[in-house]
Amino acid sequence: MPELSDIRTRAVLPISTVIALTDLTARQIRYYEAQGLLHPLRTPGNHRMYSLKDVDDLVEIHSQLAAGFSLAELRDAQKQPKPKTKLSDEEVRAALRSELLNQGRLNPRGDSPTQGFGFRP
DNA sequence: CTTCTCACA
DNA sequence: TGTGAGTA
């Protein structure tokens with residue numbers, strides 16, 4: 001039984017399915033691969049097999065291209081580690097506590113918004 | 001029949 | 001990027 005986490009990365013889709021799912025042409029899909037943005041598996045007969053993640057990536061890639069990025073830029077940006085999008089619960093709590101403690105000083109109007117919270121940060 | 005690579009009036 | 005040729 002396949003792990004759920006593998007479903008997304010398992011290459012089981014022929015290019016015809018990817019075309020139906022993305023509305024991209026076979027030409028475009030193959031070209032993006034030639035530029036190093038995708039690495040679909042190949043069957044013994046040399047046919048490309050795509051995963052669901054590949055489909056997601058293709059959609060993202062073409063929207064980025066529409067936004068003005070070049071294939072080279074997307075390829076380079078793809079390599080580098082993601083600039084940490086998720087904060088740990090501890091980091092979120094620390095940020096919130098810091099924000100509450102500084103509201104008085106940061107408030108442009110200079111009020112005292114710390115009144116009436118019903119608890120102390 | 002579908003996909004692949006390569007080339008270009 | 002499109003498209004036709006000649007394969008696998």
# chains A, B, ... in the order shown; residues from 1 in each chain; ligands from 1
$ closest_atom_pairs --of "chain C" --to "chain A" --cutoff "10 Å" --atoms "only C-alpha atoms (C1' of nucleotides)" --output "tab-separated table"
residue	atom	partner	partner_atom	distance
C:DT1	C1'	A:Arg27	CA	7.4
C:DG2	C1'	A:Arg27	CA	8.3
C:DA8	C1'	A:Gly45	CA	7.2
$ select_by_dssp --residues "chain A" --states "strand (DSSP E or B)" --output "number ranges by chain"
A: 13, 41-42, 48-50
$ interface_residues --of "chain B" --to "chain A" --cutoff "12 Å" --atoms "only C-alpha atoms (C1' of nucleotides)" --output "list in words"
DT2, DT3, DC4 and DT5 of chain B
$ atom_distance --atom1 "CA of Ala77 in chain A" --atom2 "CA of Ile61 in chain A"
11.3 Å
$ residues_around --residues "range 64-73 of chain A" --least-positions-apart "3" --cutoff "8 Å" --atoms "only C-alpha atoms (C1' of nucleotides)" --output "number ranges by chain"
A: 32, 35, 37, 60-61, 76-77
$ residues_around --residues "DG4 in chain C" --least-positions-apart "5" --cutoff "12 Å" --atoms "only C-alpha atoms (C1' of nucleotides)" --output "PDB file with C-alpha atoms (C1' of nucleotides), in the first residue's frame"
ATOM      1  C1'  DC B   6      14.715  16.919 -34.254  1.00  0.00           C
ATOM      2  C1'  DA B   7      14.431  20.438 -37.515  1.00  0.00           C
ATOM      3  C1'  DC B   8      12.503  24.709 -39.882  1.00  0.00           C
ATOM      4  C1'  DA B   9       8.699  27.817 -45.708  1.00  0.00           C
TER       5       DA B   9
END
$ decode --residues "chain C" --atoms "all heavy atoms" --output "PDB file, in the first residue's frame"
ATOM      1  P    DT C   1       5.879  29.295 -23.945  1.00  0.00           P
ATOM      2  OP1  DT C   1       6.351  30.679 -23.905  1.00  0.00           O
ATOM      3  OP2  DT C   1       4.922  28.798 -23.084  1.00  0.00           O
ATOM      4  O5'  DT C   1       5.315  28.917 -25.378  1.00  0.00           O
ATOM      5  C5'  DT C   1       6.193  29.157 -26.425  1.00  0.00           C
ATOM      6  C4'  DT C   1       5.335  29.106 -27.654  1.00  0.00           C
ATOM      7  O4'  DT C   1       6.179  29.391 -28.762  1.00  0.00           O
ATOM      8  C3'  DT C   1       4.731  27.716 -27.893  1.00  0.00           C
ATOM      9  O3'  DT C   1       3.415  27.847 -28.434  1.00  0.00           O
ATOM     10  C2'  DT C   1       5.682  27.076 -28.862  1.00  0.00           C
ATOM     11  C1'  DT C   1       6.248  28.261 -29.625  1.00  0.00           C
ATOM     12  N1   DT C   1       7.671  28.084 -29.941  1.00  0.00           N
ATOM     13  C2   DT C   1       8.014  28.064 -31.269  1.00  0.00           C
ATOM     14  O2   DT C   1       7.200  28.194 -32.160  1.00  0.00           O
ATOM     15  N3   DT C   1       9.340  27.874 -31.514  1.00  0.00           N
ATOM     16  C4   DT C   1      10.338  27.723 -30.588  1.00  0.00           C
ATOM     17  O4   DT C   1      11.505  27.564 -30.939  1.00  0.00           O
ATOM     18  C5   DT C   1       9.924  27.770 -29.206  1.00  0.00           C
ATOM     19  C7   DT C   1      10.920  27.623 -28.094  1.00  0.00           C
ATOM     20  C6   DT C   1       8.622  27.946 -28.952  1.00  0.00           C
ATOM     21  P    DG C   2       2.557  26.437 -28.676  1.00  0.00           P
ATOM     22  OP1  DG C   2       1.181  26.769 -28.272  1.00  0.00           O
ATOM     23  OP2  DG C   2       3.265  25.294 -28.070  1.00  0.00           O
ATOM     24  O5'  DG C   2       2.556  26.235 -30.258  1.00  0.00           O
ATOM     25  C5'  DG C   2       2.140  27.326 -31.062  1.00  0.00           C
ATOM     26  C4'  DG C   2       2.290  26.965 -32.514  1.00  0.00           C
ATOM     27  O4'  DG C   2       3.693  26.969 -32.876  1.00  0.00           O
ATOM     28  C3'  DG C   2       1.734  25.579 -32.849  1.00  0.00           C
ATOM     29  O3'  DG C   2       0.970  25.656 -34.050  1.00  0.00           O
ATOM     30  C2'  DG C   2       2.991  24.729 -33.018  1.00  0.00           C
ATOM     31  C1'  DG C   2       4.040  25.727 -33.492  1.00  0.00           C
ATOM     32  N9   DG C   2       5.404  25.414 -33.081  1.00  0.00           N
ATOM     33  C8   DG C   2       5.875  25.280 -31.799  1.00  0.00           C
ATOM     34  N7   DG C   2       7.154  25.014 -31.735  1.00  0.00           N
ATOM     35  C5   DG C   2       7.555  24.974 -33.061  1.00  0.00           C
ATOM     36  C6   DG C   2       8.838  24.726 -33.626  1.00  0.00           C
ATOM     37  O6   DG C   2       9.911  24.484 -33.044  1.00  0.00           O
ATOM     38  N1   DG C   2       8.809  24.761 -35.020  1.00  0.00           N
ATOM     39  C2   DG C   2       7.696  25.016 -35.769  1.00  0.00           C
ATOM     40  N2   DG C   2       7.858  25.001 -37.082  1.00  0.00           N
ATOM     41  N3   DG C   2       6.498  25.252 -35.252  1.00  0.00           N
ATOM     42  C4   DG C   2       6.493  25.212 -33.904  1.00  0.00           C
ATOM     43  P    DT C   3       0.086  24.421 -34.518  1.00  0.00           P
ATOM     44  OP1  DT C   3      -0.989  24.951 -35.394  1.00  0.00           O
ATOM     45  OP2  DT C   3      -0.245  23.615 -33.341  1.00  0.00           O
ATOM     46  O5'  DT C   3       1.108  23.613 -35.428  1.00  0.00           O
ATOM     47  C5'  DT C   3       1.658  24.244 -36.579  1.00  0.00           C
ATOM     48  C4'  DT C   3       2.579  23.279 -37.282  1.00  0.00           C
ATOM     49  O4'  DT C   3       3.864  23.220 -36.607  1.00  0.00           O
ATOM     50  C3'  DT C   3       2.041  21.847 -37.324  1.00  0.00           C
ATOM     51  O3'  DT C   3       2.294  21.306 -38.620  1.00  0.00           O
ATOM     52  C2'  DT C   3       2.902  21.132 -36.289  1.00  0.00           C
ATOM     53  C1'  DT C   3       4.218  21.861 -36.447  1.00  0.00           C
ATOM     54  N1   DT C   3       5.161  21.777 -35.318  1.00  0.00           N
ATOM     55  C2   DT C   3       6.509  21.669 -35.604  1.00  0.00           C
ATOM     56  O2   DT C   3       6.949  21.658 -36.732  1.00  0.00           O
ATOM     57  N3   DT C   3       7.334  21.564 -34.510  1.00  0.00           N
ATOM     58  C4   DT C   3       6.942  21.563 -33.180  1.00  0.00           C
ATOM     59  O4   DT C   3       7.775  21.459 -32.286  1.00  0.00           O
ATOM     60  C5   DT C   3       5.519  21.693 -32.952  1.00  0.00           C
ATOM     61  C7   DT C   3       4.994  21.699 -31.554  1.00  0.00           C
ATOM     62  C6   DT C   3       4.713  21.789 -34.026  1.00  0.00           C
ATOM     63  P    DG C   4       1.192  20.263 -39.212  1.00  0.00           P
ATOM     64  OP1  DG C   4       0.215  20.988 -40.050  1.00  0.00           O
ATOM     65  OP2  DG C   4       0.729  19.382 -38.127  1.00  0.00           O
ATOM     66  O5'  DG C   4       2.146  19.399 -40.172  1.00  0.00           O
ATOM     67  C5'  DG C   4       3.045  20.081 -41.037  1.00  0.00           C
ATOM     68  C4'  DG C   4       4.286  19.241 -41.229  1.00  0.00           C
ATOM     69  O4'  DG C   4       5.140  19.347 -40.064  1.00  0.00           O
ATOM     70  C3'  DG C   4       3.971  17.749 -41.398  1.00  0.00           C
ATOM     71  O3'  DG C   4       4.766  17.224 -42.463  1.00  0.00           O
ATOM     72  C2'  DG C   4       4.361  17.142 -40.060  1.00  0.00           C
ATOM     73  C1'  DG C   4       5.487  18.052 -39.594  1.00  0.00           C
ATOM     74  N9   DG C   4       5.652  18.115 -38.150  1.00  0.00           N
ATOM     75  C8   DG C   4       4.663  18.296 -37.213  1.00  0.00           C
ATOM     76  N7   DG C   4       5.112  18.325 -35.984  1.00  0.00           N
ATOM     77  C5   DG C   4       6.484  18.146 -36.115  1.00  0.00           C
ATOM     78  C6   DG C   4       7.504  18.091 -35.132  1.00  0.00           C
ATOM     79  O6   DG C   4       7.403  18.186 -33.905  1.00  0.00           O
ATOM     80  N1   DG C   4       8.761  17.897 -35.706  1.00  0.00           N
ATOM     81  C2   DG C   4       9.004  17.784 -37.045  1.00  0.00           C
ATOM     82  N2   DG C   4      10.267  17.596 -37.394  1.00  0.00           N
ATOM     83  N3   DG C   4       8.066  17.836 -37.973  1.00  0.00           N
ATOM     84  C4   DG C   4       6.833  18.023 -37.447  1.00  0.00           C
ATOM     85  P    DA C   5       4.573  15.697 -42.874  1.00  0.00           P
ATOM     86  OP1  DA C   5       4.489  15.624 -44.357  1.00  0.00           O
ATOM     87  OP2  DA C   5       3.545  15.061 -42.028  1.00  0.00           O
ATOM     88  O5'  DA C   5       6.001  15.114 -42.438  1.00  0.00           O
ATOM     89  C5'  DA C   5       7.185  15.836 -42.799  1.00  0.00           C
ATOM     90  C4'  DA C   5       8.405  15.062 -42.321  1.00  0.00           C
ATOM     91  O4'  DA C   5       8.592  15.274 -40.895  1.00  0.00           O
ATOM     92  C3'  DA C   5       8.259  13.564 -42.524  1.00  0.00           C
ATOM     93  O3'  DA C   5       9.495  13.011 -42.990  1.00  0.00           O
ATOM     94  C2'  DA C   5       7.903  13.033 -41.140  1.00  0.00           C
ATOM     95  C1'  DA C   5       8.581  14.026 -40.204  1.00  0.00           C
ATOM     96  N9   DA C   5       7.872  14.232 -38.951  1.00  0.00           N
ATOM     97  C8   DA C   5       6.518  14.418 -38.757  1.00  0.00           C
ATOM     98  N7   DA C   5       6.174  14.588 -37.500  1.00  0.00           N
ATOM     99  C5   DA C   5       7.377  14.517 -36.816  1.00  0.00           C
ATOM    100  C6   DA C   5       7.695  14.629 -35.453  1.00  0.00           C
ATOM    101  N6   DA C   5       6.790  14.854 -34.502  1.00  0.00           N
ATOM    102  N1   DA C   5       9.005  14.508 -35.105  1.00  0.00           N
ATOM    103  C2   DA C   5       9.915  14.291 -36.058  1.00  0.00           C
ATOM    104  N3   DA C   5       9.737  14.175 -37.369  1.00  0.00           N
ATOM    105  C4   DA C   5       8.432  14.300 -37.695  1.00  0.00           C
ATOM    106  P    DG C   6       9.480  11.580 -43.665  1.00  0.00           P
ATOM    107  OP1  DG C   6      10.523  11.570 -44.720  1.00  0.00           O
ATOM    108  OP2  DG C   6       8.073  11.235 -43.979  1.00  0.00           O
ATOM    109  O5'  DG C   6       9.972  10.637 -42.487  1.00  0.00           O
ATOM    110  C5'  DG C   6      11.265  10.816 -41.932  1.00  0.00           C
ATOM    111  C4'  DG C   6      11.432   9.922 -40.714  1.00  0.00           C
ATOM    112  O4'  DG C   6      10.660  10.457 -39.616  1.00  0.00           O
ATOM    113  C3'  DG C   6      10.934   8.492 -40.939  1.00  0.00           C
ATOM    114  O3'  DG C   6      11.845   7.595 -40.311  1.00  0.00           O
ATOM    115  C2'  DG C   6       9.583   8.478 -40.223  1.00  0.00           C
ATOM    116  C1'  DG C   6       9.887   9.401 -39.051  1.00  0.00           C
ATOM    117  N9   DG C   6       8.730   9.972 -38.374  1.00  0.00           N
ATOM    118  C8   DG C   6       7.485  10.249 -38.883  1.00  0.00           C
ATOM    119  N7   DG C   6       6.658  10.746 -37.994  1.00  0.00           N
ATOM    120  C5   DG C   6       7.402  10.799 -36.825  1.00  0.00           C
ATOM    121  C6   DG C   6       7.041  11.236 -35.524  1.00  0.00           C
ATOM    122  O6   DG C   6       5.969  11.681 -35.134  1.00  0.00           O
ATOM    123  N1   DG C   6       8.122  11.122 -34.647  1.00  0.00           N
ATOM    124  C2   DG C   6       9.362  10.645 -34.970  1.00  0.00           C
ATOM    125  N2   DG C   6      10.265  10.597 -33.993  1.00  0.00           N
ATOM    126  N3   DG C   6       9.702  10.225 -36.176  1.00  0.00           N
ATOM    127  C4   DG C   6       8.678  10.338 -37.043  1.00  0.00           C
ATOM    128  P    DT C   7      11.616   6.008 -40.549  1.00  0.00           P
ATOM    129  OP1  DT C   7      12.816   5.454 -41.205  1.00  0.00           O
ATOM    130  OP2  DT C   7      10.260   5.808 -41.128  1.00  0.00           O
ATOM    131  O5'  DT C   7      11.593   5.493 -39.018  1.00  0.00           O
ATOM    132  C5'  DT C   7      10.935   6.224 -38.031  1.00  0.00           C
ATOM    133  C4'  DT C   7      11.647   6.060 -36.696  1.00  0.00           C
ATOM    134  O4'  DT C   7      11.009   6.948 -35.760  1.00  0.00           O
ATOM    135  C3'  DT C   7      11.552   4.665 -36.092  1.00  0.00           C
ATOM    136  O3'  DT C   7      12.695   4.396 -35.276  1.00  0.00           O
ATOM    137  C2'  DT C   7      10.289   4.766 -35.249  1.00  0.00           C
ATOM    138  C1'  DT C   7      10.264   6.214 -34.801  1.00  0.00           C
ATOM    139  N1   DT C   7       8.920   6.805 -34.760  1.00  0.00           N
ATOM    140  C2   DT C   7       8.419   7.229 -33.545  1.00  0.00           C
ATOM    141  O2   DT C   7       9.055   7.152 -32.511  1.00  0.00           O
ATOM    142  N3   DT C   7       7.148   7.729 -33.592  1.00  0.00           N
ATOM    143  C4   DT C   7       6.337   7.857 -34.706  1.00  0.00           C
ATOM    144  O4   DT C   7       5.205   8.329 -34.606  1.00  0.00           O
ATOM    145  C5   DT C   7       6.919   7.416 -35.948  1.00  0.00           C
ATOM    146  C7   DT C   7       6.134   7.517 -37.214  1.00  0.00           C
ATOM    147  C6   DT C   7       8.176   6.911 -35.915  1.00  0.00           C
ATOM    148  P    DA C   8      12.903   2.890 -34.761  1.00  0.00           P
ATOM    149  OP1  DA C   8      14.376   2.725 -34.528  1.00  0.00           O
ATOM    150  OP2  DA C   8      12.185   1.950 -35.635  1.00  0.00           O
ATOM    151  O5'  DA C   8      12.186   2.929 -33.344  1.00  0.00           O
ATOM    152  C5'  DA C   8      12.712   3.771 -32.305  1.00  0.00           C
ATOM    153  C4'  DA C   8      11.888   3.611 -31.044  1.00  0.00           C
ATOM    154  O4'  DA C   8      10.587   4.217 -31.228  1.00  0.00           O
ATOM    155  C3'  DA C   8      11.629   2.157 -30.648  1.00  0.00           C
ATOM    156  O3'  DA C   8      11.671   2.036 -29.228  1.00  0.00           O
ATOM    157  C2'  DA C   8      10.215   1.909 -31.130  1.00  0.00           C
ATOM    158  C1'  DA C   8       9.566   3.275 -30.928  1.00  0.00           C
ATOM    159  N9   DA C   8       8.456   3.511 -31.835  1.00  0.00           N
ATOM    160  C8   DA C   8       8.328   3.103 -33.132  1.00  0.00           C
ATOM    161  N7   DA C   8       7.205   3.476 -33.695  1.00  0.00           N
ATOM    162  C5   DA C   8       6.547   4.189 -32.707  1.00  0.00           C
ATOM    163  C6   DA C   8       5.312   4.851 -32.665  1.00  0.00           C
ATOM    164  N6   DA C   8       4.469   4.904 -33.700  1.00  0.00           N
ATOM    165  N1   DA C   8       4.963   5.459 -31.528  1.00  0.00           N
ATOM    166  C2   DA C   8       5.788   5.408 -30.480  1.00  0.00           C
ATOM    167  N3   DA C   8       6.987   4.820 -30.396  1.00  0.00           N
ATOM    168  C4   DA C   8       7.307   4.223 -31.554  1.00  0.00           C
TER     169       DA C   8
END
